[in-house]
$ cat final19.cif   # mmCIF, C-alpha atoms and all ligand atoms
data_target
#
loop_
_atom_site.group_PDB
_atom_site.id
_atom_site.type_symbol
_atom_site.label_atom_id
_atom_site.label_comp_id
_atom_site.auth_asym_id
_atom_site.auth_seq_id
_atom_site.Cartn_x
_atom_site.Cartn_y
_atom_site.Cartn_z
ATOM 1 C CA MET C 915 -8.258 -0.574 8.821
ATOM 2 C CA SER C 916 -9.364 1.387 5.784
ATOM 3 C CA SER C 917 -6.932 1.778 2.939
ATOM 4 C CA VAL C 918 -5.022 4.974 2.332
ATOM 5 C CA ILE C 919 -6.850 7.188 -0.167
ATOM 6 C CA LYS C 920 -4.883 7.418 -3.384
ATOM 7 C CA GLU C 921 -3.226 10.803 -3.551
ATOM 8 C CA ASN C 922 -0.853 12.463 -5.957
ATOM 9 C CA ARG C 923 2.234 11.469 -4.083
ATOM 10 C CA LEU C 924 5.903 11.933 -4.904
ATOM 11 C CA LYS C 925 7.628 8.838 -6.316
ATOM 12 C CA ARG C 926 10.557 8.881 -3.889
ATOM 13 C CA PHE C 927 11.007 5.098 -3.874
ATOM 14 C CA GLU C 928 10.936 4.181 -7.548
ATOM 15 C CA GLY C 929 13.618 1.525 -8.109
ATOM 16 C CA LYS C 930 13.826 0.795 -4.362
ATOM 17 C CA ILE C 931 12.979 -2.473 -2.622
ATOM 18 C CA ALA C 932 11.654 -2.439 0.934
ATOM 19 C CA LEU C 933 11.124 -5.356 3.326
ATOM 20 C CA ILE C 934 8.417 -4.711 5.933
ATOM 21 C CA THR C 935 7.966 -6.922 9.009
ATOM 22 C CA GLY C 936 4.610 -6.995 10.755
ATOM 23 C CA ALA C 937 3.261 -6.071 7.331
ATOM 24 C CA ALA C 938 -0.232 -7.455 7.944
ATOM 25 C CA GLY C 939 -0.699 -5.250 11.003
ATOM 26 C CA ASP C 940 -2.059 -1.723 11.215
ATOM 27 C CA LEU C 941 1.183 0.241 10.929
ATOM 28 C CA GLY C 942 2.923 -2.242 8.615
ATOM 29 C CA SER C 943 0.064 -2.296 6.109
ATOM 30 C CA THR C 944 -0.414 1.490 6.210
ATOM 31 C CA THR C 945 3.295 1.967 5.519
ATOM 32 C CA ALA C 946 3.185 -0.660 2.750
ATOM 33 C CA ARG C 947 0.405 1.302 1.018
ATOM 34 C CA LEU C 948 2.381 4.552 1.138
ATOM 35 C CA PHE C 949 5.645 2.914 -0.022
ATOM 36 C CA SER C 950 3.765 1.243 -2.838
ATOM 37 C CA GLU C 951 2.127 4.481 -3.962
ATOM 38 C CA GLU C 952 5.605 6.031 -4.078
ATOM 39 C CA GLY C 953 6.905 3.306 -6.395
ATOM 40 C CA ALA C 954 8.691 0.854 -4.052
ATOM 41 C CA ARG C 955 8.759 -2.872 -4.684
ATOM 42 C CA LEU C 956 7.854 -4.675 -1.482
ATOM 43 C CA VAL C 957 8.415 -7.827 0.548
ATOM 44 C CA LEU C 958 5.661 -8.202 3.145
ATOM 45 C CA PHE C 959 6.752 -10.380 6.075
ATOM 46 C CA ASP C 960 4.423 -11.549 8.841
ATOM 47 C CA LEU C 961 3.349 -14.643 10.790
ATOM 48 C CA PRO C 962 1.728 -17.578 8.907
ATOM 49 C CA SER C 963 -1.570 -16.863 10.711
ATOM 50 C CA THR C 964 -1.775 -13.543 8.825
ATOM 51 C CA GLU C 965 -1.535 -15.100 5.344
ATOM 52 C CA PRO C 966 -5.130 -14.212 4.340
ATOM 53 C CA LYS C 967 -4.514 -10.565 5.318
ATOM 54 C CA LEU C 968 -1.229 -10.485 3.389
ATOM 55 C CA LYS C 969 -2.907 -11.909 0.277
ATOM 56 C CA GLN C 970 -5.693 -9.336 0.556
ATOM 57 C CA LEU C 971 -3.174 -6.524 0.953
ATOM 58 C CA ILE C 972 -1.280 -7.699 -2.133
ATOM 59 C CA ILE C 973 -4.480 -7.684 -4.200
ATOM 60 C CA GLU C 974 -5.159 -4.123 -3.017
ATOM 61 C CA LEU C 975 -1.619 -2.894 -3.697
ATOM 62 C CA LEU C 976 -1.539 -4.429 -7.185
ATOM 63 C CA SER C 977 -4.915 -2.878 -8.004
ATOM 64 C CA LEU C 978 -3.467 0.513 -6.954
ATOM 65 C CA GLY C 979 -0.515 0.084 -9.323
ATOM 66 C CA SER C 980 2.184 -1.516 -7.150
ATOM 67 C CA PRO C 981 5.252 -2.279 -9.331
ATOM 68 C CA ALA C 982 5.915 -5.584 -7.496
ATOM 69 C CA VAL C 983 5.000 -7.112 -4.171
ATOM 70 C CA ILE C 984 5.559 -10.543 -2.613
ATOM 71 C CA TYR C 985 4.866 -11.940 0.830
ATOM 72 C CA VAL C 986 6.814 -14.200 3.155
ATOM 73 C CA CYS C 987 5.127 -16.028 6.010
ATOM 74 C CA GLY C 988 7.427 -16.586 8.937
ATOM 75 C CA ASP C 989 8.476 -15.594 12.407
ATOM 76 C CA VAL C 990 11.046 -12.863 13.059
ATOM 77 C CA THR C 991 12.376 -14.905 15.982
ATOM 78 C CA ASN C 992 13.290 -17.776 13.641
ATOM 79 C CA VAL C 993 16.640 -17.165 12.004
ATOM 80 C CA GLU C 994 15.826 -19.366 8.989
ATOM 81 C CA ASP C 995 12.631 -17.385 8.316
ATOM 82 C CA VAL C 996 14.549 -14.130 8.626
ATOM 83 C CA LYS C 997 17.232 -15.288 6.175
ATOM 84 C CA LYS C 998 14.519 -16.551 3.806
ATOM 85 C CA SER C 999 12.785 -13.144 3.752
ATOM 86 C CA VAL C 1000 16.046 -11.414 2.829
ATOM 87 C CA GLN C 1001 16.984 -14.018 0.218
ATOM 88 C CA ARG C 1002 13.558 -13.931 -1.432
ATOM 89 C CA SER C 1003 13.845 -10.161 -1.780
ATOM 90 C CA VAL C 1004 17.154 -10.601 -3.595
ATOM 91 C CA ASP C 1005 16.053 -13.589 -5.719
ATOM 92 C CA GLU C 1006 12.540 -12.458 -6.662
ATOM 93 C CA LEU C 1007 12.724 -8.648 -6.607
ATOM 94 C CA GLY C 1008 16.394 -8.173 -7.482
ATOM 95 C CA GLY C 1009 17.831 -6.751 -4.266
ATOM 96 C CA LEU C 1010 17.039 -4.940 -1.039
ATOM 97 C CA ASP C 1011 17.410 -1.281 -0.031
ATOM 98 C CA ILE C 1012 15.165 -0.645 2.959
ATOM 99 C CA LEU C 1013 14.089 -2.561 6.071
ATOM 100 C CA PHE C 1014 11.076 -1.392 8.041
ATOM 101 C CA ASN C 1015 11.719 -3.425 11.191
ATOM 102 C CA ASN C 1016 8.249 -3.144 12.625
ATOM 103 C CA ALA C 1017 6.898 -6.490 13.919
ATOM 104 C CA GLY C 1018 6.068 -6.244 17.600
ATOM 105 C CA ILE C 1019 3.792 -7.272 20.422
ATOM 106 C CA ALA C 1020 2.565 -5.390 23.491
ATOM 107 C CA LEU C 1021 1.565 -7.368 26.575
ATOM 108 C CA PRO C 1022 0.178 -5.168 29.371
ATOM 109 C CA GLY C 1023 1.229 -5.327 33.018
ATOM 110 C CA SER C 1024 3.208 -3.484 35.677
ATOM 111 C CA LEU C 1025 6.455 -4.910 37.096
ATOM 112 C CA GLN C 1026 4.518 -7.060 39.583
ATOM 113 C CA GLN C 1027 1.798 -8.084 37.123
ATOM 114 C CA THR C 1028 4.162 -9.166 34.337
ATOM 115 C CA SER C 1029 4.767 -12.914 34.266
ATOM 116 C CA GLU C 1030 8.223 -14.261 33.490
ATOM 117 C CA GLU C 1031 6.773 -15.872 30.374
ATOM 118 C CA ASP C 1032 5.268 -12.588 29.093
ATOM 119 C CA PHE C 1033 8.508 -10.736 29.775
ATOM 120 C CA LYS C 1034 10.568 -13.275 27.820
ATOM 121 C CA LYS C 1035 8.054 -13.452 24.970
ATOM 122 C CA THR C 1036 8.059 -9.666 24.578
ATOM 123 C CA GLN C 1037 11.862 -9.482 24.447
ATOM 124 C CA ASP C 1038 11.931 -12.440 22.060
ATOM 125 C CA VAL C 1039 9.734 -10.798 19.417
ATOM 126 C CA ASN C 1040 10.484 -7.106 19.969
ATOM 127 C CA VAL C 1041 14.220 -7.331 20.663
ATOM 128 C CA TYR C 1042 15.624 -10.661 19.412
ATOM 129 C CA GLY C 1043 13.433 -10.609 16.283
ATOM 130 C CA ALA C 1044 14.385 -7.001 15.537
ATOM 131 C CA PHE C 1045 18.051 -7.880 16.078
ATOM 132 C CA LEU C 1046 17.882 -10.826 13.647
ATOM 133 C CA MET C 1047 16.262 -8.643 10.986
ATOM 134 C CA MET C 1048 18.827 -5.855 11.457
ATOM 135 C CA LYS C 1049 21.689 -8.344 11.376
ATOM 136 C CA TYR C 1050 20.750 -10.299 8.238
ATOM 137 C CA VAL C 1051 19.509 -7.280 6.291
ATOM 138 C CA SER C 1052 22.664 -5.306 7.095
ATOM 139 C CA ILE C 1053 24.863 -8.222 5.971
ATOM 140 C CA LYS C 1054 23.057 -8.239 2.629
ATOM 141 C CA LEU C 1055 23.223 -4.435 2.304
ATOM 142 C CA ILE C 1056 26.976 -4.431 3.001
ATOM 143 C CA GLU C 1057 27.505 -7.238 0.442
ATOM 144 C CA ALA C 1058 25.584 -5.276 -2.208
ATOM 145 C CA GLY C 1059 27.627 -2.144 -1.433
ATOM 146 C CA LYS C 1060 24.913 0.362 -2.363
ATOM 147 C CA GLY C 1061 24.040 1.601 1.139
ATOM 148 C CA GLY C 1062 20.531 1.397 2.515
ATOM 149 C CA VAL C 1063 18.200 2.330 5.354
ATOM 150 C CA ILE C 1064 16.885 0.473 8.392
ATOM 151 C CA VAL C 1065 13.997 2.011 10.332
ATOM 152 C CA SER C 1066 12.673 0.185 13.389
ATOM 153 C CA THR C 1067 9.475 0.808 15.281
ATOM 154 C CA SER C 1068 10.143 1.899 18.830
ATOM 155 C CA SER C 1069 7.559 3.647 21.004
ATOM 156 C CA TYR C 1070 7.164 6.650 23.303
ATOM 157 C CA ALA C 1071 7.453 3.905 25.938
ATOM 158 C CA GLY C 1072 11.123 3.465 25.043
ATOM 159 C CA ILE C 1073 11.687 7.099 26.041
ATOM 160 C CA LYS C 1074 9.232 7.819 28.842
ATOM 161 C CA SER C 1075 8.178 5.400 31.559
ATOM 162 C CA ASP C 1076 4.655 4.047 31.850
ATOM 163 C CA GLU C 1077 4.068 1.696 34.766
ATOM 164 C CA THR C 1078 1.371 -0.356 33.011
ATOM 165 C CA ILE C 1079 3.566 -1.867 30.258
ATOM 166 C CA PHE C 1080 6.792 -2.960 31.918
ATOM 167 C CA ALA C 1081 7.975 -5.653 29.488
ATOM 168 C CA TYR C 1082 7.141 -3.478 26.481
ATOM 169 C CA ILE C 1083 9.171 -0.571 27.907
ATOM 170 C CA ALA C 1084 12.170 -2.853 28.335
ATOM 171 C CA SER C 1085 11.872 -4.013 24.732
ATOM 172 C CA LYS C 1086 11.460 -0.581 23.148
ATOM 173 C CA SER C 1087 14.343 0.841 25.225
ATOM 174 C CA ALA C 1088 16.451 -1.937 23.700
ATOM 175 C CA ILE C 1089 15.329 -0.948 20.185
ATOM 176 C CA ASN C 1090 16.565 2.593 20.864
ATOM 177 C CA GLY C 1091 19.975 1.326 21.976
ATOM 178 C CA MET C 1092 20.279 -1.067 19.037
ATOM 179 C CA THR C 1093 19.347 1.764 16.666
ATOM 180 C CA ARG C 1094 22.106 4.023 17.941
ATOM 181 C CA ALA C 1095 24.720 1.235 18.047
ATOM 182 C CA ALA C 1096 23.872 -0.045 14.550
ATOM 183 C CA ALA C 1097 23.861 3.508 13.157
ATOM 184 C CA LYS C 1098 27.436 4.029 14.347
ATOM 185 C CA SER C 1099 28.750 0.744 12.999
ATOM 186 C CA LEU C 1100 26.921 0.904 9.656
ATOM 187 C CA ALA C 1101 27.555 4.574 8.766
ATOM 188 C CA LYS C 1102 30.804 3.664 6.977
ATOM 189 C CA HIS C 1103 28.745 1.461 4.645
ATOM 190 C CA ASN C 1104 26.354 4.326 3.884
ATOM 191 C CA ILE C 1105 23.587 2.498 5.753
ATOM 192 C CA ARG C 1106 21.424 4.767 7.905
ATOM 193 C CA VAL C 1107 19.633 3.340 10.951
ATOM 194 C CA CYS C 1108 16.766 5.172 12.665
ATOM 195 C CA ALA C 1109 13.599 4.468 14.629
ATOM 196 C CA VAL C 1110 10.162 6.004 14.980
ATOM 197 C CA ALA C 1111 8.652 6.244 18.455
ATOM 198 C CA PRO C 1112 4.883 6.698 18.261
ATOM 199 C CA TYR C 1113 2.497 7.385 21.130
ATOM 200 C CA MET C 1114 -0.795 5.462 21.010
ATOM 201 C CA LEU C 1115 -2.146 5.171 17.487
ATOM 202 C CA GLU C 1116 -5.766 4.574 16.565
ATOM 203 C CA GLY C 1117 -6.058 0.867 15.746
ATOM 204 C CA HIS C 1118 -6.645 -2.560 17.211
ATOM 205 C CA VAL C 1119 -3.646 -2.436 19.577
ATOM 206 C CA LEU C 1120 -5.148 0.561 21.368
ATOM 207 C CA ASP C 1121 -8.605 -1.062 21.470
ATOM 208 C CA ASP C 1122 -7.238 -4.410 22.712
ATOM 209 C CA GLY C 1123 -4.952 -2.676 25.226
ATOM 210 C CA LEU C 1124 -7.849 -0.752 26.767
ATOM 211 C CA GLU C 1125 -9.816 -3.982 27.021
ATOM 212 C CA ALA C 1126 -6.932 -5.843 28.700
ATOM 213 C CA LEU C 1127 -6.187 -3.006 31.140
ATOM 214 C CA ALA C 1128 -9.867 -2.768 32.070
ATOM 215 C CA ASP C 1129 -9.887 -6.529 32.761
ATOM 216 C CA MET C 1130 -6.761 -6.207 34.882
ATOM 217 C CA MET C 1131 -8.159 -3.344 36.920
ATOM 218 C CA LYS C 1132 -11.651 -4.727 37.495
ATOM 219 C CA GLY C 1133 -11.511 -8.387 36.556
ATOM 220 C CA ALA C 1134 -12.915 -10.012 33.414
ATOM 221 C CA GLU C 1135 -16.249 -10.477 35.183
ATOM 222 C CA ALA C 1136 -17.002 -6.720 35.293
ATOM 223 C CA GLY C 1137 -20.292 -5.867 33.597
ATOM 224 C CA PRO C 1138 -20.220 -4.269 30.126
ATOM 225 C CA GLN C 1139 -21.209 -0.809 31.402
ATOM 226 C CA GLU C 1140 -18.663 -0.863 34.191
ATOM 227 C CA LYS C 1141 -15.970 -1.977 31.750
ATOM 228 C CA GLU C 1142 -16.812 0.776 29.256
ATOM 229 C CA ALA C 1143 -16.552 3.349 32.062
ATOM 230 C CA ILE C 1144 -13.120 2.025 33.085
ATOM 231 C CA LYS C 1145 -11.949 2.050 29.460
ATOM 232 C CA ALA C 1146 -13.177 5.638 29.037
ATOM 233 C CA SER C 1147 -11.349 6.722 32.171
ATOM 234 C CA ILE C 1148 -8.077 5.042 31.050
ATOM 235 C CA MET C 1149 -8.443 6.666 27.617
ATOM 236 C CA GLY C 1150 -9.094 10.032 29.303
ATOM 237 C CA ARG C 1151 -5.856 9.707 31.238
ATOM 238 C CA LEU C 1152 -3.941 8.683 28.117
ATOM 239 C CA VAL C 1153 -5.245 11.692 26.217
ATOM 240 C CA GLN C 1154 -4.526 14.012 29.152
ATOM 241 C CA GLY C 1155 -0.900 12.888 29.075
ATOM 242 C CA CYS C 1156 -0.590 14.116 25.481
ATOM 243 C CA PRO C 1157 -0.122 17.860 24.836
ATOM 244 C CA MET C 1158 -1.973 17.455 21.508
ATOM 245 C CA ALA C 1159 -4.752 15.689 23.458
ATOM 246 C CA ARG C 1160 -5.424 12.880 20.985
ATOM 247 C CA ALA C 1161 -4.217 9.541 19.708
ATOM 248 C CA GLY C 1162 -2.191 9.558 16.506
ATOM 249 C CA LYS C 1163 -3.326 8.157 13.192
ATOM 250 C CA MET C 1164 -1.488 5.223 11.595
ATOM 251 C CA LYS C 1165 -0.769 7.387 8.563
ATOM 252 C CA GLU C 1166 0.895 10.049 10.730
ATOM 253 C CA ALA C 1167 3.449 7.471 11.877
ATOM 254 C CA ALA C 1168 3.804 5.823 8.441
ATOM 255 C CA GLU C 1169 4.621 9.184 6.806
ATOM 256 C CA VAL C 1170 7.542 9.617 9.217
ATOM 257 C CA VAL C 1171 8.849 6.152 8.332
ATOM 258 C CA LEU C 1172 8.830 7.125 4.645
ATOM 259 C CA PHE C 1173 10.578 10.416 5.409
ATOM 260 C CA LEU C 1174 13.346 8.637 7.357
ATOM 261 C CA CYS C 1175 13.795 6.178 4.455
ATOM 262 C CA SER C 1176 13.870 8.948 1.847
ATOM 263 C CA LYS C 1177 16.694 10.971 0.332
ATOM 264 C CA GLU C 1178 15.382 13.979 2.261
ATOM 265 C CA ALA C 1179 16.734 12.297 5.425
ATOM 266 C CA SER C 1180 20.162 11.539 3.882
ATOM 267 C CA TYR C 1181 22.119 13.106 6.787
ATOM 268 C CA ILE C 1182 19.999 11.590 9.569
ATOM 269 C CA THR C 1183 21.127 8.443 11.345
ATOM 270 C CA GLY C 1184 21.006 7.066 14.885
ATOM 271 C CA VAL C 1185 17.861 9.011 15.809
ATOM 272 C CA VAL C 1186 14.749 7.759 17.555
ATOM 273 C CA LEU C 1187 12.150 10.182 16.297
ATOM 274 C CA PRO C 1188 9.086 10.683 18.518
ATOM 275 C CA VAL C 1189 5.746 10.753 16.697
ATOM 276 C CA ASP C 1190 3.780 11.428 19.821
ATOM 277 C CA GLY C 1191 1.901 14.720 19.900
ATOM 278 C CA GLY C 1192 4.458 16.053 22.391
ATOM 279 C CA VAL C 1193 4.196 13.270 24.991
ATOM 280 C CA THR C 1194 7.958 12.956 25.425
ATOM 281 C CA ALA C 1195 8.695 16.687 25.005
HETATM 282 N N1 LIG C 1201 -0.394 0.790 17.787
HETATM 283 C C1 LIG C 1201 0.217 1.646 18.579
HETATM 284 O O1 LIG C 1201 -0.399 2.475 19.270
HETATM 285 C C2 LIG C 1201 1.725 1.645 18.648
HETATM 286 C C3 LIG C 1201 2.370 2.688 19.323
HETATM 287 C C4 LIG C 1201 3.764 2.676 19.398
HETATM 288 C C5 LIG C 1201 4.491 1.663 18.804
HETATM 289 N N2 LIG C 1201 3.813 0.663 18.163
HETATM 290 C C6 LIG C 1201 4.628 -0.395 17.539
HETATM 291 O O2 LIG C 1201 4.307 -0.422 16.168
HETATM 292 C C7 LIG C 1201 4.552 -1.734 15.642
HETATM 293 C C8 LIG C 1201 3.338 -2.171 14.837
HETATM 294 O O3 LIG C 1201 2.222 -2.130 15.683
HETATM 295 P P1 LIG C 1201 0.726 -2.170 15.146
HETATM 296 O O4 LIG C 1201 -0.033 -1.164 15.904
HETATM 297 O O5 LIG C 1201 0.700 -2.159 13.671
HETATM 298 O O6 LIG C 1201 0.318 -3.610 15.709
HETATM 299 P P2 LIG C 1201 -0.308 -4.858 14.928
HETATM 300 O O7 LIG C 1201 -0.573 -5.877 15.972
HETATM 301 O O8 LIG C 1201 -1.424 -4.411 14.075
HETATM 302 O O9 LIG C 1201 0.895 -5.315 13.998
HETATM 303 C C9 LIG C 1201 1.995 -6.040 14.478
HETATM 304 C C10 LIG C 1201 2.278 -7.145 13.461
HETATM 305 O O10 LIG C 1201 3.459 -7.840 13.889
HETATM 306 C C11 LIG C 1201 3.248 -9.197 13.580
HETATM 307 N N3 LIG C 1201 4.089 -10.058 14.417
HETATM 308 C C12 LIG C 1201 3.976 -10.267 15.751
HETATM 309 N N4 LIG C 1201 4.873 -11.163 16.143
HETATM 310 C C13 LIG C 1201 5.576 -11.531 15.041
HETATM 311 C C14 LIG C 1201 6.637 -12.433 14.805
HETATM 312 N N5 LIG C 1201 7.157 -13.158 15.805
HETATM 313 N N6 LIG C 1201 7.113 -12.561 13.541
HETATM 314 C C15 LIG C 1201 6.572 -11.856 12.520
HETATM 315 N N7 LIG C 1201 5.564 -10.977 12.685
HETATM 316 C C16 LIG C 1201 5.070 -10.817 13.933
HETATM 317 C C17 LIG C 1201 1.765 -9.444 13.884
HETATM 318 O O11 LIG C 1201 1.279 -10.606 13.252
HETATM 319 C C18 LIG C 1201 1.147 -8.165 13.386
HETATM 320 O O12 LIG C 1201 0.681 -8.273 12.047
HETATM 321 C C19 LIG C 1201 4.877 -2.614 16.834
HETATM 322 O O13 LIG C 1201 6.278 -2.769 16.941
HETATM 323 C C20 LIG C 1201 4.350 -1.811 18.013
HETATM 324 O O14 LIG C 1201 5.023 -2.079 19.209
HETATM 325 C C21 LIG C 1201 2.463 0.632 18.048
#
$ encode --input "final19.cif" --output "structure tokens"
Amino acid sequence: MSSVIKENRLKRFEGKIALITGAAGDLGSTTARLFSEEGARLVLFDLPSTEPKLKQLIIELLSLGSPAVIYVCGDVTNVEDVKKSVQRSVDELGGLDILFNNAGIALPGSLQQTSEEDFKKTQDVNVYGAFLMMKYVSIKLIEAGKGGVIVSTSSYAGIKSDETIFAYIASKSAINGMTRAAAKSLAKHNIRVCAVAPYMLEGHVLDDGLEALADMMKGAEAGPQEKEAIKASIMGRLVQGCPMARAGKMKEAAEVVLFLCSKEASYITGVVLPVDGGVTA
């Protein structure tokens, strides 16, 4: 994933501290770059296996003028890791204002193809992990009494059905419900809660997903040419299902996250905003 080209951006997040989960991934790192360019101090949270990527990202952000950035290795499904990420933000950066609740996994499979293990694993990371982050960040935001913003990453698949990703649909539908419920209960604390719901974005998840679906449809033993043809036909169908007839770019989704976290969105809460080229229109 190439870095975002330095632009003359607004400085909407000067003095703000944002915690990003899944920060080593495509959307997390793209959003981290934009937040950083707009003056935010950052906590980057991702699995221990991503530590080299997190270190590399920190070097890049500091070289581009980041005011402060730290990383926390951990698992969003582990309550101690979640609490640690929040506490380190307070102890080392001086507080917390924004959560980008973005860590997630996508395991392909229809209802019949999805194993019990894959279903549980998907809900564990995408729902339970997102819940833990929302819970412990909101407790800290309420304690601090200065309001705040929580934006989670949903998906078009939480709005519109797609028979090839059953467990993922269940998990992103849950994110949408949690977003609305948390928005209602946290409004009195001046904490806004929203979600972005992208369609397929150009990146490794799309590439890996095409590969896995091609294997499922034809078997891993399909020849390279046959597999490429299947992948092209799946991609063709995906593009056909999008009125704008293309995948989105990571930056197109990241910009919407920043908007929802900004003062410009000060009267918006409880929304799941599609970033999908019209797929769910
Ligand atoms: N890529 C797309 O087309 C697309 C479309 C719609 C929604 N989304 C959602 O966007 C989010 C980010 O996706 P991405 O495309 O950047 O994928 P990605 O795989 O590049 O990033 C996801 C990150 O989450 C981290 N992660 C996974 N499990 C974790 C755990 N238990 N604890 C902590 N971190 C964990 C991974 O290590 C990874 O760095 C996900 O929630 C995904 O469902 C992606």
$ residues_near_ligand --input "final19.cif" --ligand "ligand LIG 1201 (chain C)" --cutoff "8 Å" --atoms "all atoms listed in the file" --output "PyMOL selection string"
chain C and resi 935-943+959-961+963-964+987-992+1015-1020+1038-1040+1043+1066-1071+1082+1086+1111-1120+1162+1164
$ write_last_selection --input "final19.cif" --atoms "C-alpha atoms" --output "short mmCIF file (atom, residue, chain, number, x, y, z; two decimals), in the coordinates of the input"
data_model
loop_
_atom_site.label_atom_id
_atom_site.label_comp_id
_atom_site.auth_asym_id
_atom_site.auth_seq_id
_atom_site.Cartn_x
_atom_site.Cartn_y
_atom_site.Cartn_z
CA THR C 935 7.97 -6.92 9.01
CA GLY C 936 4.61 -7.00 10.76
CA ALA C 937 3.26 -6.07 7.33
CA ALA C 938 -0.23 -7.46 7.94
CA GLY C 939 -0.70 -5.25 11.00
CA ASP C 940 -2.06 -1.72 11.22
CA LEU C 941 1.18 0.24 10.93
CA GLY C 942 2.92 -2.24 8.62
CA SER C 943 0.06 -2.30 6.11
CA PHE C 959 6.75 -10.38 6.08
CA ASP C 960 4.42 -11.55 8.84
CA LEU C 961 3.35 -14.64 10.79
CA SER C 963 -1.57 -16.86 10.71
CA THR C 964 -1.78 -13.54 8.82
CA CYS C 987 5.13 -16.03 6.01
CA GLY C 988 7.43 -16.59 8.94
CA ASP C 989 8.48 -15.59 12.41
CA VAL C 990 11.05 -12.86 13.06
CA THR C 991 12.38 -14.90 15.98
CA ASN C 992 13.29 -17.78 13.64
CA ASN C 1015 11.72 -3.42 11.19
CA ASN C 1016 8.25 -3.14 12.62
CA ALA C 1017 6.90 -6.49 13.92
CA GLY C 1018 6.07 -6.24 17.60
CA ILE C 1019 3.79 -7.27 20.42
CA ALA C 1020 2.56 -5.39 23.49
CA ASP C 1038 11.93 -12.44 22.06
CA VAL C 1039 9.73 -10.80 19.42
CA ASN C 1040 10.48 -7.11 19.97
CA GLY C 1043 13.43 -10.61 16.28
CA SER C 1066 12.67 0.18 13.39
CA THR C 1067 9.48 0.81 15.28
CA SER C 1068 10.14 1.90 18.83
CA SER C 1069 7.56 3.65 21.00
CA TYR C 1070 7.16 6.65 23.30
CA ALA C 1071 7.45 3.90 25.94
CA TYR C 1082 7.14 -3.48 26.48
CA LYS C 1086 11.46 -0.58 23.15
CA ALA C 1111 8.65 6.24 18.45
CA PRO C 1112 4.88 6.70 18.26
CA TYR C 1113 2.50 7.38 21.13
CA MET C 1114 -0.80 5.46 21.01
CA LEU C 1115 -2.15 5.17 17.49
CA GLU C 1116 -5.77 4.57 16.57
CA GLY C 1117 -6.06 0.87 15.75
CA HIS C 1118 -6.64 -2.56 17.21
CA VAL C 1119 -3.65 -2.44 19.58
CA LEU C 1120 -5.15 0.56 21.37
CA GLY C 1162 -2.19 9.56 16.51
CA MET C 1164 -1.49 5.22 11.60
#
$ closest_residue --input "final19.cif" --among "C:Gly1008, C:Ala1081, C:Ile1073, C:Met1048" --to "Thr1036 in chain C" --atoms "only C-alpha atoms"
C:Ala1081
$ resolve_selection --input "final19.cif" --expression "the PyMOL selection byres (((chain C and resi 1091) around 12) and not hetatm)" --output "PyMOL selection string"
chain C and resi 1041+1044-1045+1066+1068+1072-1073+1084-1090+1092-1098+1107-1109+1184-1186
$ closest_residue --input "final19.cif" --among "C:Leu924, C:Leu1025, C:Ile1105, C:Val1110" --to "Ser1052 in chain C" --atoms "all atoms listed in the file"
C:Ile1105
$ residues_around --input "final19.cif" --residues "Ser980 in chain C" --least-positions-apart "5" --cutoff "7 Å" --atoms "all atoms listed in the file" --output "PyMOL selection string"
chain C and resi 950-951+953+975
$ atom_distance --input "final19.cif" --atom1 "CA of Glu952 in chain C" --atom2 "CA of Glu928 in chain C"
6.6 Å
$ residues_near_point --input "final19.cif" --point "(17.5, -8.2, 5.8)" --cutoff "6 Å" --atoms "all atoms listed in the file" --output "list in words"
Val1000, Met1047, Tyr1050 and Val1051 of chain C
$ axis_aligned_box --input "final19.cif" --around "range 1155-1161 of chain C" --padding-each-side "6 Å" --output "lines of an AutoDock Vina configuration file"
center_x = -2.8
center_y = 13.7
center_z = 24.4
size_x = 17.3
size_y = 20.3
size_z = 21.4
$ closest_residue --input "final19.cif" --among "C:Leu1152, C:Ala932, C:Ile1144, C:Ala1161" --to "Lys1132 in chain C" --atoms "all atoms listed in the file"
C:Ile1144
$ atom_distance --input "final19.cif" --atom1 "CA of Phe1080 in chain C" --atom2 "CA of Lys1165 in chain C"
26.6 Å
$ build_atoms --input "final19.cif" --residues "range 1112-1119 of chain C" --atoms "N, CA and C atoms" --output "PDB file, in the coordinates of the input"
ATOM      1  N   PRO C1112       6.232   6.130  18.164  1.00  0.00           N
ATOM      2  CA  PRO C1112       4.883   6.698  18.261  1.00  0.00           C
ATOM      3  C   PRO C1112       4.295   6.587  19.668  1.00  0.00           C
ATOM      4  N   TYR C1113       3.397   7.528  19.976  1.00  0.00           N
ATOM      5  CA  TYR C1113       2.497   7.385  21.130  1.00  0.00           C
ATOM      6  C   TYR C1113       1.350   6.512  20.633  1.00  0.00           C
ATOM      7  N   MET C1114       0.296   6.361  21.414  1.00  0.00           N
ATOM      8  CA  MET C1114      -0.795   5.462  21.010  1.00  0.00           C
ATOM      9  C   MET C1114      -1.384   5.916  19.664  1.00  0.00           C
ATOM     10  N   LEU C1115      -1.585   4.922  18.818  1.00  0.00           N
ATOM     11  CA  LEU C1115      -2.146   5.171  17.487  1.00  0.00           C
ATOM     12  C   LEU C1115      -3.525   4.526  17.420  1.00  0.00           C
ATOM     13  N   GLU C1116      -4.422   5.161  16.695  1.00  0.00           N
ATOM     14  CA  GLU C1116      -5.766   4.574  16.565  1.00  0.00           C
ATOM     15  C   GLU C1116      -5.660   3.258  15.813  1.00  0.00           C
ATOM     16  N   GLY C1117      -6.149   2.175  16.397  1.00  0.00           N
ATOM     17  CA  GLY C1117      -6.058   0.867  15.746  1.00  0.00           C
ATOM     18  C   GLY C1117      -6.391  -0.215  16.748  1.00  0.00           C
ATOM     19  N   HIS C1118      -6.194  -1.469  16.339  1.00  0.00           N
ATOM     20  CA  HIS C1118      -6.645  -2.560  17.211  1.00  0.00           C
ATOM     21  C   HIS C1118      -5.787  -2.727  18.459  1.00  0.00           C
ATOM     22  N   VAL C1119      -4.510  -2.295  18.393  1.00  0.00           N
ATOM     23  CA  VAL C1119      -3.646  -2.436  19.577  1.00  0.00           C
ATOM     24  C   VAL C1119      -4.176  -1.553  20.713  1.00  0.00           C
TER      25      VAL C1119
END
